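Here's the structure, in structure tokens; my notes come after.
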Amino acid sequence: MFIRNAWYVIAWDHEILDDALFSRTVLGEPVLVYRTAAGEYTALADRCCHRLAPLSRGRREGDLVRCGYHGLCFDVTGHCVEVPGQDRVPDRAFVRRYPLVVRHHWVFVWMGEPGLADPALLPDNFSCGHPDWRYRPGYLHYDTPYLLICDNLLDFSHLSFVHAATLGGSTDIARATPRVEEIDRGVRISRDIRNVPPSPYYQQFHPFDTPINRWIVYDFLLPGVLLMHSGGRPAEDADGDMTRAVQLHSCQALTPETETSTHYFFQESHRADQGNEATTEAIYDALLLAFEEDRAMINAQAANIALDPSAAMLPLPMDRAVLRFRRLLEAQMQAERSISASISR
Amino acid sequence: MFIRNAWYVIAWDHEILDDALFSRTVLGEPVLVYRTAAGEYTALADRCCHRLAPLSRGRREGDLVRCGYHGLCFDVTGHCVEVPGQDRVPDRAFVRRYPLVVRHHWVFVWMGEPGLADPALLPDNFSCGHPDWRYRPGYLHYDTPYLLICDNLLDFSHLSFVHAATLGGSTDIARATPRVEEIDRGVRISRDIRNVPPSPYYQQFHPFDTPINRWIVYDFLLPGVLLMHSGGRPAEDADGDMTRAVQLHSCQALTPETETSTHYFFQESHRADQGNEATTEAIYDALLLAFEEDRAMINAQAANIALDPSAAMLPLPMDRAVLRFRRLLEAQMQAERSISASISR
Amino acid sequence: MFIRNAWYVIAWDHEILDDALFSRTVLGEPVLVYRTAAGEYTALADRCCHRLAPLSRGRREGDLVRCGYHGLCFDVTGHCVEVPGQDRVPDRAFVRRYPLVVRHHWVFVWMGEPGLADPALLPDNFSCGHPDWRYRPGYLHYDTPYLLICDNLLDFSHLSFVHAATLGGSTDIARATPRVEEIDRGVRISRDIRNVPPSPYYQQFHPFDTPINRWIVYDFLLPGVLLMHSGGRPAEDADGDMTRAVQLHSCQALTPETETSTHYFFQESHRADQGNEATTEAIYDALLLAFEEDRAMINAQAANIALDPSAAMLPLPMDRAVLRFRRLLEAQMQAERSISASISR
């Protein structure tokens with residue numbers, strides 16, 4: 001069960017090569033993405049209406065795509081324009097087209113009612129490709145349900161334990177109770193951590209020799225997008241003095257592939273005027289290392305859940321954001337059921 | 001759900017070695033095949049009646065087979081003739097015997113009511129081992145349901161797309177509407193394709209430098225056997241002049257292993273007076289290459305179906321033979337349900 | 001479905017390293033075992049009560065274990081003593097503790113009602129670590145249900161067939177009808193086999209050049225423990241003359257990991273005054289070879305059962321012990337259902 005009326009990231013735009021047929025499964029549906037000669041993107045069901053073969057195994061013919069099994073040919077809107085061996089194309093010969101928007105290098109598809117696809121609902125992943133910011137784009141595949149990864153991102157107290165040797169560096173993160181606010185279609189989580197040792201992660205691109213003050217402020221938005229400002233600066237520096245500050249902005253998106261697997265798109269940007277290419281690489285490498293730590297833990301958690309799917313979790317104060325987001329998700333699912341009930345009436 | 005009152009190919013006869021215990025699963029049932037000292041074949045359930053161990057893991061004792069787990073010994077009819085440690089063999093100690101016929105190197109088993117096993121229902125795979133024909137026997141295993149492979153063989157319009165670079169060579173095959181006739185327990189499909197470039201496949205064993213006329217005429221019979229005459233000759237040659245013709249005969253049989261996997265036995269013969277051993281090998285190699293193309297496409301199709309088993313296919317005129325064969329299969333299943341209802345009454 | 005009020009072997013004690021967090025799944029439940037600084041063992045649910053992550057992926061803090069995900073900390077009794085970021089630990093923050101006993105190098109856990117855990121029910125695996133006996137400890141993992149392996153151990157007539165070339169050496173074992181007695185929580189099986197060729201297995205550590213008399217006497221106890229005296233001596237030797245006898249004692253325990261997989265702990269001891277280290281190794285190697293033969297057969301049997309789970313087995317006189325043990329198991333399950341019904345009333 002997923003919400004459908006939402007923008008899901010299906011790819012980084014650099015993954016969609018000219019002339020190629022790109023395929024990725026989202027919410028259990030195979031989706032084909034390609035670009036026309038004019039550079040326009042289109043997203044179609046990657047499943048021929050005839051015998052259900054993936055169109056992505058076919059070939060491009062200009063802006064058309066021809067199925068590689070029996071040769072039906074479709075245009076960018078998903079309408080079949082040719083059936084080999086017959087003169088007339090039946091009206092029912094078409095594949096679903098998904099609304100698609102490319103914004104700041106993320107390719108978003110709308111999996112629900114096309115009429116409800118509203119670009120105003122796109123998350124503001126501004127640091128992807130902004131001249132003031134530098135990052136290296138990342139992608140990971142998870143063999144676990146996406147909600148477990150949302151939970152992980154909604155409670156950074158795990159930084160102190162899962163990432164003790166990498167991102168975390170201090171149990172003070174777990175101890176610093178975050179402020180949790182409900183915002184439109186999401187949750188805002190803010191943490192101020194004062195006078196802590198700099199994490200090894202920070203040390204990689206900025207030498208600190210004094211305790212620092214850290215801040216972590218992020219929005220976690222439906223369906224599963226994290227937008228985060230974070231940073232740190234010497235605790236001894238005067239308020240407002242950012243000369244020795246590390247400033248980061250991170251964009252991360254979780255997209256369910258199936259009920260039990262997930263796509264994970266991520267980047268963490270640093271200010272273009274701080275550091276150089278080596279910094280960009282170091283951040284990326286550190287992030288990847290940390291995300292492998294998350295994946296190992298979440299895989300182990302998922303294996304335990306698989307052994308007994310009825311086992312209850314114990315809600316704790318640290319789960320406030322987790323629980324709020326789950327409630328938001330359920331409310332949205334409920335709303336979608338009402339919409340589809342009223343449409344089918 | 002499969003039809004049971006039918007001859008299924010379980011093996012090429014060269015697979016059944018002297019003194020060996022050959023096992024293959026058919027319709028979800030493990031079947032043991034072996035040859036007596038006198039050269040007779042027998043097919044028994046490959047599942048000891050005692051603790052269900054496969055008899056094929058046991059050993060031959062002359063024409064008997066002894067289970068390798070606790071030593072029960074069975075004769076060629078499947079009756080237990082010895083239980084170690086006890087004097088009397090219980091009446092219920094036997095394993096099922098399947099009617100078996102070997103015809104033209106194909107080993108057929110009858111999976112339904114033994115009393116209905118009628119050799120008249122065997123398909124005429126005459127070119128397997130006929131002195132006028134040469135071939136190399138082939139076998140492939142599919143991890144997909146057998147109906148998807150039947151569908152593939154029932155609509156050769158896919159030759160123009162799946163096998164564009166191998167067997168097909170021209171989109172004219174897809175455009176040439178075949179004649180489809182219902183015949184006894186099957187469908188006959190005929191295609192005349194005039195004045196087309198010779199396919200790369202043909203070129204491999206006969207150099208053509210002019211357009212050719214091609215013919216493809218095949219019967220596709222229950223439970224899943226293809227018998228095909230095909231060939232081609234220069235379009236410029238006079239009617240009836242076969243001096244420069246390529247003449248082929250192909251025998252192919254699909255046997256469900258389980259609901260989701262399939263055995264595929266195949267050969268394509270050429271006239272013994274055309275070509276030589278290199279021709280035989282070239283045909284086999286080309287066929288295998290093409291069948292790998294089919295398998296890749298059918299695997300992709302099956303993966304799409306697995307994502308949404310409720311997705312509907314769109315029937316098109318090119319599916320006439322596919323739909324007729326599916327109707328035949330359903331009628332046969334319905335008939336078998338009636339028979340077994342009347343037997344159990 | 002398993003019986004729960006029983007001691008299950010979870011490990012050899014050498015597997016539980018100092019300072020380590022050992023995890024193994026028993027009856028589908030992940031169990032954590034570790035030793036305190038004082039050398040005491042404890043067994044806890046390896047599943048944090050908070051978000052169900054395995055505690056074994058966390059870390060030791062003295063005798064405490066801290067979850068590696070969000071840092072909850074537990075004592076040896078399973079009570080949570082710290083939740084990072086909050087002052088009070090909720091009453092419901094604990095993980096289940098399992099009664100645990102270490103006896104003769106086997107680590108036993110009690111999976112049922114803790115109040116019923118009775119050390120008097122421990123099997124007498126005396127030869128594990130007794131100064132008069134030498135062995136090398138063994139462990140195998142099976143991907144088959146544990147009952148199929150119990151069946152195997154309850155009917156040694158399979159020695160003549162599965163282990164003809166290794167342990168068995170003679171079909172006389174299958175022909176020698178064993179005496180089967182019901183004992184407390186188990187079955188006792190005795191076989192006298194007179195005047196048979198020495199098995200290759202025996203030859204490995206004692207050269208025999210005459211026929212021997214063999215004895216095999218074992219108890220097979222709930223939930224799945226085999227304790228066996230066996231041996232052989234020249235048939236020509238006078239009654240009671242043990243000077244040329246081989247005397248062995250074997251302890252084997254089957255512990256269900258899940259419904260479809262099993263842990264197998266085993267050893268076969270020889271008298272410390274017979275043979276040397278090479279003998280110990282030879283016995284171990286021979287046993288392992290034979291157990292691989294069992295595993296291959298049981299895997300094949302399980303695959304046949306998976307093809308048709310409704311297929312019936314044919315009970316034979318040789319299955320007396322098998323059937324008695326299955327009845328014992330069912331009676332115990334029935335009794336446990338009555339207990340839990342009366343507890344919940």
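Ordering of the structure tokens sets the chain letters (A, B, ...), residue numbers begin anew at 1 in every chain, and ligands are numbered from 1 in the order given.
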From a backbone DSSP assignment, name each residue in segment 124-338 of chain B labelled strand (DSSP E or B), as JSON, numbers by chain.
{"B": [133, 134, 138, 139, 140, 141, 142, 179, 180, 181, 182, 183, 186, 187, 188, 189, 190, 191, 192, 193, 194, 195, 196, 212, 213, 214, 215, 216, 217, 218, 219, 220, 221, 225, 226, 227, 228, 229, 230, 231, 232, 233, 234, 246, 247, 248, 249, 250, 251, 252, 253, 254, 255, 256, 257, 258, 261, 262, 263, 264, 265, 266, 267, 268, 269, 270, 271]}
Produce a file of the selected residues containing C-alpha atoms, as a PDB file, in the first residue's frame.
ATOM      1  CA  TRP B 133      16.980 -35.612 -42.927  1.00  0.00           C
ATOM      2  CA  ARG B 134      19.827 -34.371 -40.761  1.00  0.00           C
ATOM      3  CA  GLY B 138      18.454 -29.560 -28.771  1.00  0.00           C
ATOM      4  CA  TYR B 139      17.143 -28.992 -25.285  1.00  0.00           C
ATOM      5  CA  LEU B 140      16.541 -25.784 -23.326  1.00  0.00           C
ATOM      6  CA  HIS B 141      15.155 -25.172 -19.873  1.00  0.00           C
ATOM      7  CA  TYR B 142      12.854 -22.203 -19.301  1.00  0.00           C
ATOM      8  CA  ARG B 179      -3.668 -18.594 -42.904  1.00  0.00           C
ATOM      9  CA  VAL B 180      -4.886 -20.230 -39.683  1.00  0.00           C
ATOM     10  CA  GLU B 181      -6.907 -23.442 -39.803  1.00  0.00           C
ATOM     11  CA  GLU B 182      -8.193 -25.567 -36.992  1.00  0.00           C
ATOM     12  CA  ILE B 183      -7.065 -29.166 -37.335  1.00  0.00           C
ATOM     13  CA  GLY B 186      -4.279 -28.267 -33.009  1.00  0.00           C
ATOM     14  CA  VAL B 187      -3.874 -25.337 -35.335  1.00  0.00           C
ATOM     15  CA  ARG B 188      -2.247 -25.176 -38.809  1.00  0.00           C
ATOM     16  CA  ILE B 189      -0.533 -21.930 -39.669  1.00  0.00           C
ATOM     17  CA  SER B 190       0.691 -21.147 -43.183  1.00  0.00           C
ATOM     18  CA  ARG B 191       2.645 -18.192 -44.448  1.00  0.00           C
ATOM     19  CA  ASP B 192       3.808 -17.349 -47.943  1.00  0.00           C
ATOM     20  CA  ILE B 193       6.260 -14.508 -48.057  1.00  0.00           C
ATOM     21  CA  ARG B 194       7.203 -13.462 -51.552  1.00  0.00           C
ATOM     22  CA  ASN B 195      10.150 -11.587 -52.906  1.00  0.00           C
ATOM     23  CA  VAL B 196      11.983 -10.854 -49.666  1.00  0.00           C
ATOM     24  CA  ILE B 212      13.526 -15.271 -52.351  1.00  0.00           C
ATOM     25  CA  ASN B 213      10.058 -16.632 -51.797  1.00  0.00           C
ATOM     26  CA  ARG B 214       9.661 -18.207 -48.369  1.00  0.00           C
ATOM     27  CA  TRP B 215       7.075 -20.588 -46.986  1.00  0.00           C
ATOM     28  CA  ILE B 216       6.368 -21.539 -43.406  1.00  0.00           C
ATOM     29  CA  VAL B 217       3.705 -24.152 -42.721  1.00  0.00           C
ATOM     30  CA  TYR B 218       3.381 -25.656 -39.297  1.00  0.00           C
ATOM     31  CA  ASP B 219       1.010 -27.547 -37.097  1.00  0.00           C
ATOM     32  CA  PHE B 220       0.925 -26.666 -33.415  1.00  0.00           C
ATOM     33  CA  LEU B 221      -0.646 -29.546 -31.552  1.00  0.00           C
ATOM     34  CA  VAL B 225       4.223 -29.660 -30.167  1.00  0.00           C
ATOM     35  CA  LEU B 226       5.280 -27.785 -33.289  1.00  0.00           C
ATOM     36  CA  LEU B 227       5.851 -29.638 -36.585  1.00  0.00           C
ATOM     37  CA  MET B 228       6.983 -27.335 -39.353  1.00  0.00           C
ATOM     38  CA  HIS B 229       7.877 -27.399 -42.999  1.00  0.00           C
ATOM     39  CA  SER B 230       9.672 -24.283 -44.121  1.00  0.00           C
ATOM     40  CA  GLY B 231      11.996 -23.148 -46.807  1.00  0.00           C
ATOM     41  CA  GLY B 232      12.801 -20.642 -49.436  1.00  0.00           C
ATOM     42  CA  ARG B 233      13.923 -20.444 -53.037  1.00  0.00           C
ATOM     43  CA  PRO B 234      14.911 -17.677 -55.423  1.00  0.00           C
ATOM     44  CA  VAL B 246      16.281 -24.650 -48.914  1.00  0.00           C
ATOM     45  CA  GLN B 247      13.938 -27.232 -47.350  1.00  0.00           C
ATOM     46  CA  LEU B 248      13.668 -27.583 -43.610  1.00  0.00           C
ATOM     47  CA  HIS B 249      11.583 -29.579 -41.203  1.00  0.00           C
ATOM     48  CA  SER B 250      11.436 -28.724 -37.532  1.00  0.00           C
ATOM     49  CA  CYS B 251      10.095 -30.640 -34.540  1.00  0.00           C
ATOM     50  CA  GLN B 252       9.708 -28.796 -31.250  1.00  0.00           C
ATOM     51  CA  ALA B 253       7.988 -29.860 -28.045  1.00  0.00           C
ATOM     52  CA  LEU B 254       7.150 -27.927 -24.911  1.00  0.00           C
ATOM     53  CA  THR B 255       6.640 -29.912 -21.729  1.00  0.00           C
ATOM     54  CA  PRO B 256       5.659 -28.139 -18.503  1.00  0.00           C
ATOM     55  CA  GLU B 257       8.077 -28.987 -15.721  1.00  0.00           C
ATOM     56  CA  THR B 258       6.045 -27.088 -13.105  1.00  0.00           C
ATOM     57  CA  SER B 261       9.057 -23.791 -15.672  1.00  0.00           C
ATOM     58  CA  THR B 262       9.256 -25.645 -18.944  1.00  0.00           C
ATOM     59  CA  HIS B 263      11.301 -28.181 -20.877  1.00  0.00           C
ATOM     60  CA  TYR B 264      11.903 -27.346 -24.524  1.00  0.00           C
ATOM     61  CA  PHE B 265      12.987 -30.080 -26.973  1.00  0.00           C
ATOM     62  CA  PHE B 266      13.811 -28.985 -30.485  1.00  0.00           C
ATOM     63  CA  GLN B 267      15.483 -29.743 -33.750  1.00  0.00           C
ATOM     64  CA  GLU B 268      15.472 -28.270 -37.231  1.00  0.00           C
ATOM     65  CA  SER B 269      16.369 -30.734 -39.986  1.00  0.00           C
ATOM     66  CA  HIS B 270      17.691 -30.083 -43.412  1.00  0.00           C
ATOM     67  CA  ARG B 271      17.522 -32.473 -46.342  1.00  0.00           C
TER      68      ARG B 271
END
Sorted by chain and rising residue number, which residues of chain A lie within 10 Å of chain B, and what are their closest atom pairs and distances in Å to one decimal, counting only C-alpha atoms, as CSV?
residue,atom,partner,partner_atom,distance
A:Thr25,CA,B:Leu307,CA,9.3
A:Leu27,CA,B:Leu307,CA,9.9
A:Gly28,CA,B:Leu307,CA,6.1
A:Glu29,CA,B:Leu307,CA,7.0
A:Pro30,CA,B:Asn304,CA,7.4
A:Asp46,CA,B:Asn304,CA,8.6
A:Arg47,CA,B:Asn304,CA,7.0
A:Cys48,CA,B:Met313,CA,8.6
A:Cys49,CA,B:Leu314,CA,5.8
A:His50,CA,B:Leu314,CA,4.6
A:Arg51,CA,B:Met313,CA,5.3
A:Leu52,CA,B:Gln301,CA,5.9
A:Ala53,CA,B:Gln301,CA,4.3
A:Pro54,CA,B:Gln301,CA,6.4
A:Leu55,CA,B:Gln301,CA,9.9
A:Ser56,CA,B:Ala300,CA,9.9
A:Arg57,CA,B:Met297,CA,7.6
A:Gly58,CA,B:Phe161,CA,8.3
A:Arg59,CA,B:Phe161,CA,9.5
A:Arg66,CA,B:Phe161,CA,9.2
A:Cys67,CA,B:Phe161,CA,8.0
A:Gly68,CA,B:Phe161,CA,5.3
A:Tyr69,CA,B:His158,CA,5.4
A:His70,CA,B:His158,CA,4.7
A:Gly71,CA,B:Phe161,CA,6.2
A:Leu72,CA,B:Phe161,CA,9.9
A:Val83,CA,B:Leu316,CA,8.7
A:Pro84,CA,B:Arg175,CA,5.7
A:Gly85,CA,B:Arg175,CA,4.0
A:Gln86,CA,B:Pro317,CA,7.6
A:Val89,CA,B:Leu316,CA,9.5
A:Pro90,CA,B:Leu316,CA,8.5
A:Arg92,CA,B:Leu314,CA,7.8
A:Ala93,CA,B:Leu314,CA,7.4
A:Phe94,CA,B:Leu314,CA,9.7
A:Thr258,CA,B:Leu307,CA,8.6
Just N, CA, C and O atoms for this one: save the residues we selected as a compact mmCIF listing (two decimals), in the first residue's frame.
# COMPACT_ATOMS: atom_id res chain seq x y z
N THR A 25 11.26 0.24 -12.08
CA THR A 25 9.96 -0.10 -11.50
C THR A 25 9.68 0.81 -10.31
O THR A 25 10.55 0.99 -9.44
N LEU A 27 6.54 1.71 -7.42
CA LEU A 27 5.28 1.21 -6.83
C LEU A 27 4.82 -0.08 -7.51
O LEU A 27 3.63 -0.29 -7.73
N GLY A 28 5.76 -0.91 -7.89
CA GLY A 28 5.41 -2.18 -8.52
C GLY A 28 5.06 -2.08 -9.99
O GLY A 28 4.69 -3.07 -10.60
N GLU A 29 5.19 -0.88 -10.58
CA GLU A 29 4.86 -0.71 -11.99
C GLU A 29 6.12 -0.39 -12.79
O GLU A 29 6.85 0.53 -12.44
N PRO A 30 6.35 -1.15 -13.86
CA PRO A 30 7.52 -0.87 -14.69
C PRO A 30 7.27 0.41 -15.49
O PRO A 30 6.24 0.52 -16.14
N ASP A 46 5.99 0.61 -18.95
CA ASP A 46 6.96 -0.20 -19.69
C ASP A 46 6.40 -1.62 -19.88
O ASP A 46 6.99 -2.61 -19.43
N ARG A 47 5.24 -1.66 -20.51
CA ARG A 47 4.52 -2.94 -20.64
C ARG A 47 3.59 -2.79 -21.82
O ARG A 47 2.56 -2.13 -21.74
N CYS A 48 3.95 -3.43 -22.91
CA CYS A 48 3.15 -3.32 -24.12
C CYS A 48 1.72 -3.79 -23.82
O CYS A 48 1.52 -4.79 -23.12
N CYS A 49 0.73 -3.07 -24.37
CA CYS A 49 -0.67 -3.43 -24.09
C CYS A 49 -1.03 -4.76 -24.73
O CYS A 49 -2.01 -5.39 -24.33
N HIS A 50 -0.23 -5.20 -25.71
CA HIS A 50 -0.56 -6.42 -26.44
C HIS A 50 -0.28 -7.68 -25.61
O HIS A 50 -1.18 -8.32 -25.10
N ARG A 51 1.02 -7.99 -25.38
CA ARG A 51 1.35 -9.22 -24.64
C ARG A 51 2.18 -8.92 -23.41
O ARG A 51 2.86 -9.80 -22.87
N LEU A 52 2.21 -7.65 -22.97
CA LEU A 52 2.82 -7.23 -21.71
C LEU A 52 4.35 -7.27 -21.69
O LEU A 52 4.97 -7.19 -20.62
N ALA A 53 4.97 -7.40 -22.86
CA ALA A 53 6.44 -7.35 -22.90
C ALA A 53 6.91 -5.93 -22.58
O ALA A 53 6.20 -4.96 -22.84
N PRO A 54 8.10 -5.79 -22.00
CA PRO A 54 8.62 -4.45 -21.71
C PRO A 54 8.99 -3.72 -23.01
O PRO A 54 9.75 -4.25 -23.82
N LEU A 55 8.46 -2.52 -23.18
CA LEU A 55 8.82 -1.73 -24.36
C LEU A 55 10.30 -1.38 -24.35
O LEU A 55 10.92 -1.20 -25.41
N SER A 56 10.89 -1.33 -23.17
CA SER A 56 12.31 -0.95 -23.08
C SER A 56 13.22 -2.00 -23.73
O SER A 56 14.39 -1.74 -23.96
N ARG A 57 12.69 -3.19 -24.02
CA ARG A 57 13.47 -4.18 -24.77
C ARG A 57 13.27 -4.00 -26.28
O ARG A 57 13.76 -4.81 -27.06
N GLY A 58 12.51 -2.98 -26.67
CA GLY A 58 12.31 -2.71 -28.09
C GLY A 58 13.32 -1.71 -28.61
O GLY A 58 14.46 -1.68 -28.13
N ARG A 59 12.90 -0.88 -29.55
CA ARG A 59 13.85 0.07 -30.11
C ARG A 59 13.17 1.42 -30.36
O ARG A 59 11.97 1.51 -30.53
N ARG A 66 9.19 1.16 -30.53
CA ARG A 66 8.57 -0.03 -31.11
C ARG A 66 8.84 -1.23 -30.21
O ARG A 66 9.99 -1.49 -29.84
N CYS A 67 7.78 -1.94 -29.87
CA CYS A 67 7.93 -3.13 -29.02
C CYS A 67 8.80 -4.16 -29.72
O CYS A 67 8.64 -4.42 -30.92
N GLY A 68 9.72 -4.78 -28.98
CA GLY A 68 10.64 -5.74 -29.57
C GLY A 68 10.06 -7.13 -29.70
O GLY A 68 10.76 -8.04 -30.17
N TYR A 69 8.80 -7.32 -29.27
CA TYR A 69 8.24 -8.66 -29.37
C TYR A 69 7.45 -8.82 -30.68
O TYR A 69 7.85 -9.57 -31.57
N HIS A 70 6.33 -8.07 -30.82
CA HIS A 70 5.53 -8.21 -32.04
C HIS A 70 5.41 -6.92 -32.82
O HIS A 70 4.61 -6.82 -33.74
N GLY A 71 6.18 -5.89 -32.40
CA GLY A 71 6.34 -4.74 -33.26
C GLY A 71 5.32 -3.62 -33.14
O GLY A 71 5.33 -2.70 -33.96
N LEU A 72 4.43 -3.63 -32.16
CA LEU A 72 3.54 -2.47 -31.99
C LEU A 72 4.39 -1.22 -31.76
O LEU A 72 5.41 -1.29 -31.08
N VAL A 83 0.23 -1.27 -35.81
CA VAL A 83 0.24 -2.69 -35.46
C VAL A 83 0.63 -3.44 -36.72
O VAL A 83 -0.10 -3.40 -37.71
N PRO A 84 1.79 -4.09 -36.72
CA PRO A 84 2.24 -4.77 -37.95
C PRO A 84 1.18 -5.75 -38.46
O PRO A 84 0.58 -6.49 -37.66
N GLY A 85 0.95 -5.74 -39.74
CA GLY A 85 0.03 -6.71 -40.35
C GLY A 85 -1.42 -6.29 -40.32
O GLY A 85 -2.28 -7.05 -40.77
N GLN A 86 -1.74 -5.11 -39.76
CA GLN A 86 -3.14 -4.68 -39.85
C GLN A 86 -3.19 -3.17 -40.13
O GLN A 86 -2.28 -2.42 -39.77
N VAL A 89 -5.48 0.67 -36.19
CA VAL A 89 -5.02 0.48 -34.82
C VAL A 89 -6.23 0.56 -33.89
O VAL A 89 -6.97 1.56 -33.94
N PRO A 90 -6.47 -0.46 -33.08
CA PRO A 90 -7.66 -0.40 -32.21
C PRO A 90 -7.54 0.74 -31.20
O PRO A 90 -6.44 1.09 -30.76
N ARG A 92 -8.22 0.73 -28.17
CA ARG A 92 -7.72 0.31 -26.87
C ARG A 92 -6.21 0.04 -26.87
O ARG A 92 -5.65 -0.37 -25.85
N ALA A 93 -5.58 0.27 -28.02
CA ALA A 93 -4.13 0.01 -28.09
C ALA A 93 -3.34 1.23 -27.63
O ALA A 93 -3.00 2.11 -28.43
N PHE A 94 -3.08 1.29 -26.36
CA PHE A 94 -2.26 2.37 -25.82
C PHE A 94 -1.67 1.90 -24.50
O PHE A 94 -2.13 0.92 -23.91
N THR A 258 9.06 -1.96 -5.08
CA THR A 258 7.95 -2.89 -4.84
C THR A 258 7.62 -2.79 -3.36
O THR A 258 8.20 -1.96 -2.64
What separation in Å, quoted to one decimal, exists between atom CA of Leu167 of chain B and atom CA of Val65 of chain A?
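Interatomic distance, atom CA of Leu167 of chain B to atom CA of Val65 of chain A: 22.2 Å.
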Find, counting only C-alpha atoms, the residue in B:Glu82, B:Glu281, B:Glu259, B:Glu336 that gets nearest to Tyr146 of chain B.
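Of B:Glu82, B:Glu281, B:Glu259, B:Glu336, the one nearest Tyr146 of chain B is B:Glu259, counting only C-alpha atoms.
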Considering only C-alpha atoms, return as a list in words whatever protein or nucleic-acid residues lie within 12 Å of Glu330 of chain B, sequence-local ones (same chain, fewer than 4 positions apart) excluded.
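Counting only the stated atoms, we get Met1, Phe2, Ile3, Leu147, Arg185, Leu222, Pro223, Leu323, Arg324, Phe325, Arg326, Gln334, Ala335, Glu336 and Arg337 of chain B.
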I'd like the neighbourhood of Trp110 of chain A as a list in words, where a residue qualifies if any of its atoms comes within 10 Å (using only C-alpha atoms), though same-chain residues fewer than 5 positions away should be ignored.
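Neighbouring residues, sequence-local ones excluded: Arg4, Asn5, Ala6, Trp7, Tyr8, Val9, Ile10, Ala43, Arg97, Tyr98, Pro99, Leu100, Val101, Leu116, Ala117, Asp118 and Pro119 of chain A.
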Apply DSSP to the backbone of this structure and, from segment 88-212 of chain A, keep only the residues in alpha helix (DSSP H); write these as a VMD selection string.
chain A and resid 146 to 154 172 to 175 200 to 203
